[in-house]
Amino acid sequence: MSAFPRYADLSMRLSDEPDPAWRVHQLATDRVAAGEDIIVLSIGEPDAPPPPAVLAEIEASIARGRTRYAAARGEDAVVHAICAYAARDAGRPITPDMVNFFPGAQTAMFGMLMTLVGPGDRLILPEPFYAPYTQVLRASGVAVDHVPLRPEDGFHPRVEEIRAAVRPETRAVVLTHPHNPTGAMLGKDELAAIAAVCRDHDLWLVADEVYGEFAYGGEYTSILALEGFEDRVVSLGTLSKSYAMTGFRHGWSIAPPALAARAGVLLEAMLFGCVQFIQDAGAVALADGGAFPRAERDKYLRRLDRVMAELEGSTAILPRRPEAGMFVMIDIRPTGLEAEDFALRLLDAERVSVLPTHTFGPSGAGHVRISLGMDDELLVEAARRIRRFADALA
Ligand SMILES: Cc1ncc(COP(=O)(O)O)c(C=O)c1O
């Protein structure tokens, strides 16, 4: 006898267990809700409010009646704004037929994977990787082959390992570039070498590029800028981090036109258009020519320098200066503790919440991640407490 109710395979592939990646963060936020004074560095949320012009545009747009059904693949104004924005990184024209508006990069990853891969297919994904993508991968039914990002390589992938991981069923290589949680940013040559693997084996190269605005020294190269690979690269973007607009759910994909059109069909089926006034607000944000993200980057860099100054010199922990992004990885292996144990004990002893990264993939073991999205003084105070706690262990 069959058991009822019965759900679709796609639904049953999703886990309904709480994601272990957020265990410490959840504990910390529960304790904050209960009135405890904790410095929470375990989530990647910018502390800045969105640009004032964006907030003003929300009101103005609603007043103009922009509260109706919208074009399935994105409204003209925002699509053109995304084209202009992405063209700067791409160094080539990005045309509206390459763009799909998605409510956030998370959904863009979902839509693109559902368009590109399914059960029976495989893809290659370096680990550790951004934990919320686990469920997206499960939903698609794709099998995942991981390649390790090792601390001793600065968490850069070894291209020969990507090549060796390709199998007959492999359809895509998926990168987060710059990387969360590790802060690694690949150079143009590394990206081109990975793209060459994709070309040789006829794979898509998909990159989540949501931290592209926050590079600390080196030059950021988008996969859109790789010459000769225009027909196989898919870049995902968002205003969540760059314009501190996480709750707006404003993201996009840029892909070769034929693929973009396929993904657009899925968008129409699934979303039937996204909120008009949110898209208008996004167009206003992007019209600043990147001024807001540049200021955010400068702020994060200032904080990064201060955090590094507090943590460097400890013999118990090793802070790893990120090349980009909004996080700092701290190698806590010299303390002899597992990362989760370290995080839990730190939370109790010093009331600072950090994220153990082993749940982002085994190569993240022995490290915790802290966010730079926190007021300068609180962040420095948290760094002091982390060091005090670690040094006392040693
Ligand atoms: C690597 C990465 N991709 C995507 C997202 C989510 O982006 P969005 O808010 O646009 O869905 C995050 C948020 O932390 C992230 O770190």
# chains A, B, ... in the order shown; residues from 1 in each chain; ligands from 1

call {"tool": "residues_around", "arguments": {"residues": "Ile278 (chain A)", "least_positions_apart": "5", "cutoff": "12 Å", "atoms": "only C-alpha atoms", "output": "VMD selection string"}}
result
chain A and resid 54 to 62 66 to 68 70 74 to 75 77 to 78 101 to 104 239 245 to 251 273 283 to 285

call {"tool": "write_last_selection", "arguments": {"atoms": "C-alpha atoms", "output": "mmCIF file, in the first residue's frame"}}
result
data_model
loop_
_atom_site.group_PDB
_atom_site.id
_atom_site.type_symbol
_atom_site.label_atom_id
_atom_site.label_comp_id
_atom_site.auth_asym_id
_atom_site.auth_seq_id
_atom_site.Cartn_x
_atom_site.Cartn_y
_atom_site.Cartn_z
ATOM 1 C CA VAL A 54 16.654 54.101 -3.453
ATOM 2 C CA LEU A 55 14.292 54.571 -0.524
ATOM 3 C CA ALA A 56 12.914 57.760 -2.085
ATOM 4 C CA GLU A 57 12.366 55.956 -5.372
ATOM 5 C CA ILE A 58 10.294 53.241 -3.694
ATOM 6 C CA GLU A 59 7.781 55.871 -2.594
ATOM 7 C CA ALA A 60 7.915 57.754 -5.873
ATOM 8 C CA SER A 61 7.513 54.590 -7.900
ATOM 9 C CA ILE A 62 4.498 53.461 -5.906
ATOM 10 C CA ARG A 66 4.212 51.016 -10.445
ATOM 11 C CA THR A 67 2.373 48.310 -8.555
ATOM 12 C CA ARG A 68 1.177 46.200 -11.476
ATOM 13 C CA ALA A 70 5.693 43.320 -14.608
ATOM 14 C CA GLY A 74 12.565 42.248 -16.045
ATOM 15 C CA GLU A 75 11.337 45.783 -16.676
ATOM 16 C CA ALA A 77 14.638 50.424 -17.080
ATOM 17 C CA VAL A 78 16.322 47.992 -14.725
ATOM 18 C CA PHE A 101 15.823 39.837 -13.494
ATOM 19 C CA PHE A 102 15.573 37.496 -10.518
ATOM 20 C CA PRO A 103 14.497 38.237 -6.936
ATOM 21 C CA GLY A 104 18.063 37.820 -5.655
ATOM 22 C CA LEU A 239 22.202 44.455 -5.103
ATOM 23 C CA MET A 245 19.611 45.906 -0.315
ATOM 24 C CA THR A 246 19.290 42.338 1.002
ATOM 25 C CA GLY A 247 15.557 42.514 1.702
ATOM 26 C CA PHE A 248 14.682 44.003 -1.679
ATOM 27 C CA ARG A 249 15.342 40.678 -3.402
ATOM 28 C CA HIS A 250 16.951 42.267 -6.424
ATOM 29 C CA GLY A 251 19.287 40.146 -8.523
ATOM 30 C CA GLY A 273 7.187 39.001 -13.201
ATOM 31 C CA ALA A 283 17.578 51.054 -11.563
ATOM 32 C CA VAL A 284 18.054 54.156 -9.408
ATOM 33 C CA ALA A 285 20.705 52.388 -7.305
#

call {"tool": "closest_atom_pairs", "arguments": {"of": "chain A", "to": "ligand 1", "cutoff": "6 Å", "atoms": "only C-alpha atoms and all ligand atoms", "output": "Markdown table"}}
result
| residue | atom | partner | partner_atom_place_in_ligand_line | distance |
| --- | --- | --- | --- | --- |
| A:Gly44 | CA | ligand 1 | 14 (O) | 5.2 |
| A:Gly104 | CA | ligand 1 | 10 (O) | 3.4 |
| A:Ala105 | CA | ligand 1 | 10 (O) | 3.6 |
| A:Gln106 | CA | ligand 1 | 11 (O) | 3.8 |
| A:Tyr130 | CA | ligand 1 | 1 (C) | 5.4 |
| A:Thr176 | CA | ligand 1 | 1 (C) | 5.8 |
| A:Asn180 | CA | ligand 1 | 1 (C) | 5.1 |
| A:Asp208 | CA | ligand 1 | 3 (N) | 6.0 |
| A:Val210 | CA | ligand 1 | 3 (N) | 5.9 |
| A:Thr238 | CA | ligand 1 | 10 (O) | 4.5 |
| A:Ser240 | CA | ligand 1 | 9 (O) | 4.8 |
| A:Thr246 | CA | ligand 1 | 9 (O) | 5.1 |
| A:Gly251 | CA | ligand 1 | 10 (O) | 5.3 |

call {"tool": "select_by_dssp", "arguments": {"residues": "region 115-352 of chain A", "states": "alpha helix (DSSP H)", "output": "JSON, numbers by chain"}}
result
{"A": [115, 116, 133, 134, 135, 136, 137, 138, 139, 140, 159, 160, 161, 162, 163, 164, 165, 188, 189, 190, 191, 192, 193, 194, 195, 196, 197, 198, 199, 200, 257, 258, 259, 260, 261, 262, 263, 264, 265, 266, 267, 268, 269, 270, 276, 277, 278, 279, 280, 281, 282, 283, 284, 285, 286, 291, 292, 293, 294, 295, 296, 297, 298, 299, 300, 301, 302, 303, 304, 305, 306, 307, 308, 309, 310, 311, 339, 340, 341, 342, 343, 344, 345, 346, 347, 348, 349, 350]}

call {"tool": "closest_residue", "arguments": {"among": "A:Ala291, A:Ala382, A:Leu116, A:Ala48", "to": "Ala244 (chain A)", "atoms": "only C-alpha atoms"}}
result
A:Ala48

call {"tool": "residues_around", "arguments": {"residues": "Pro356 (chain A)", "least_positions_apart": "2", "cutoff": "12 Å", "atoms": "only C-alpha atoms", "output": "PyMOL selection string"}}
result
chain A and resi 20-25+41-43+128+131+181-182+328-333+337-347+353-354+358-370

call {"tool": "residues_around", "arguments": {"residues": "Met114 (chain A)", "least_positions_apart": "6", "cutoff": "12 Å", "atoms": "only C-alpha atoms", "output": "list in words"}}
result
Leu10, Thr107, Ala108, Asp121, Val136, Leu137, Arg138, Ala139, Ser140, Gly141, Val142, Leu259, Arg262, Ala263, Gly264, Val265, Leu266, Leu267 and Met270 of chain A

call {"tool": "write_last_selection", "arguments": {"atoms": "C-alpha atoms", "output": "PDB file, in the first residue's frame"}}
result
ATOM      1  CA  LEU A  10      12.022  17.423  -6.345  1.00  0.00           C
ATOM      2  CA  THR A 107      16.858  32.626  -7.057  1.00  0.00           C
ATOM      3  CA  ALA A 108      19.093  33.334 -10.032  1.00  0.00           C
ATOM      4  CA  ASP A 121      23.787  15.317 -14.810  1.00  0.00           C
ATOM      5  CA  VAL A 136      19.346  24.495  -4.712  1.00  0.00           C
ATOM      6  CA  LEU A 137      21.610  21.718  -5.910  1.00  0.00           C
ATOM      7  CA  ARG A 138      19.362  19.108  -4.334  1.00  0.00           C
ATOM      8  CA  ALA A 139      16.276  20.632  -5.955  1.00  0.00           C
ATOM      9  CA  SER A 140      17.851  20.354  -9.398  1.00  0.00           C
ATOM     10  CA  GLY A 141      18.750  16.704  -8.812  1.00  0.00           C
ATOM     11  CA  VAL A 142      22.252  17.215 -10.202  1.00  0.00           C
ATOM     12  CA  LEU A 259      20.232  30.375 -22.646  1.00  0.00           C
ATOM     13  CA  ARG A 262      15.309  29.480 -21.929  1.00  0.00           C
ATOM     14  CA  ALA A 263      15.705  30.699 -18.365  1.00  0.00           C
ATOM     15  CA  GLY A 264      13.176  33.431 -19.142  1.00  0.00           C
ATOM     16  CA  VAL A 265      10.557  30.799 -19.906  1.00  0.00           C
ATOM     17  CA  LEU A 266      11.143  29.308 -16.464  1.00  0.00           C
ATOM     18  CA  LEU A 267      10.922  32.770 -14.904  1.00  0.00           C
ATOM     19  CA  MET A 270       7.529  30.484 -11.812  1.00  0.00           C
TER      20      MET A 270
END

call {"tool": "atom_distance", "arguments": {"atom1": "CA of Arg171 (chain A)", "atom2": "CA of Asp9 (chain A)"}}
result
21.1 Å

call {"tool": "closest_residue", "arguments": {"among": "A:Val197, A:Met98, A:Ile39, A:Ala71", "to": "Arg351 (chain A)", "atoms": "only C-alpha atoms"}}
result
A:Ile39

call {"tool": "residues_around", "arguments": {"residues": "Phe327 (chain A)", "least_positions_apart": "3", "cutoff": "12 Å", "atoms": "only C-alpha atoms", "output": "number ranges by chain"}}
result
A: 41-46, 178-184, 211, 214-216, 241, 297, 300-301, 303-304, 307-308, 319-324, 330, 354-355, 357, 368-374, 379

call {"tool": "closest_residue", "arguments": {"among": "A:Phe292, A:Ala260, A:Leu186, A:Leu378", "to": "Arg306 (chain A)", "atoms": "only C-alpha atoms"}}
result
A:Leu378

call {"tool": "residues_around", "arguments": {"residues": "Leu125 (chain A)", "least_positions_apart": "6", "cutoff": "7 Å", "atoms": "only C-alpha atoms", "output": "count of residues only"}}
result
7

call {"tool": "atom_distance", "arguments": {"atom1": "CA of Val166 (chain A)", "atom2": "CA of Ala90 (chain A)"}}
result
26.9 Å

call {"tool": "select_by_dssp", "arguments": {"residues": "region 144-337 of chain A", "states": "strand (DSSP E)", "output": "PyMOL selection string"}}
result
chain A and resi 144-148+170-176+204-208+233-238+251-254+318-320+327-331

call {"tool": "residues_around", "arguments": {"residues": "Gly91 (chain A)", "least_positions_apart": "3", "cutoff": "6 Å", "atoms": "only C-alpha atoms", "output": "PDB file with N, CA and C atoms, in the first residue's frame"}}
result
ATOM      1  N   ALA A  87      28.384  45.782 -18.182  1.00  0.00           N
ATOM      2  CA  ALA A  87      29.292  46.051 -19.303  1.00  0.00           C
ATOM      3  C   ALA A  87      30.613  46.619 -18.800  1.00  0.00           C
ATOM      4  N   ARG A  88      30.582  47.342 -17.704  1.00  0.00           N
ATOM      5  CA  ARG A  88      31.836  47.900 -17.157  1.00  0.00           C
ATOM      6  C   ARG A  88      32.778  46.779 -16.755  1.00  0.00           C
ATOM      7  N   ALA A 225      34.334  38.934 -18.615  1.00  0.00           N
ATOM      8  CA  ALA A 225      35.437  39.606 -19.314  1.00  0.00           C
ATOM      9  C   ALA A 225      36.388  38.623 -19.997  1.00  0.00           C
TER      10      ALA A 225
END

call {"tool": "closest_residue", "arguments": {"among": "A:Ile194, A:Met326, A:Val275, A:Ala28", "to": "Gly65 (chain A)", "atoms": "only C-alpha atoms"}}
result
A:Val275

call {"tool": "closest_atom_pairs", "arguments": {"of": "region 214-329 of chain A", "to": "region 198-207 of chain A", "cutoff": "10 Å", "atoms": "only C-alpha atoms", "output": "CSV"}}
result
residue,atom,partner,partner_atom,distance
A:Ser222,CA,A:Ala207,CA,8.6
A:Ile223,CA,A:Ala207,CA,7.1
A:Leu224,CA,A:Ala207,CA,9.4
A:Gly228,CA,A:Arg199,CA,9.4
A:Phe229,CA,A:Arg199,CA,7.5
A:Asp231,CA,A:Trp204,CA,8.8
A:Arg232,CA,A:Trp204,CA,5.1
A:Val233,CA,A:Leu205,CA,4.9
A:Val234,CA,A:Val206,CA,4.6
A:Ser235,CA,A:Ala207,CA,5.1
A:Leu236,CA,A:Ala207,CA,6.2
A:Gly237,CA,A:Ala207,CA,9.1
A:Ser253,CA,A:Ala207,CA,9.7
A:Ile254,CA,A:Val206,CA,9.8
A:Ala255,CA,A:Val206,CA,9.1

call {"tool": "atom_distance", "arguments": {"atom1": "CA of Ile162 (chain A)", "atom2": "CA of Val117 (chain A)"}}
result
18.1 Å
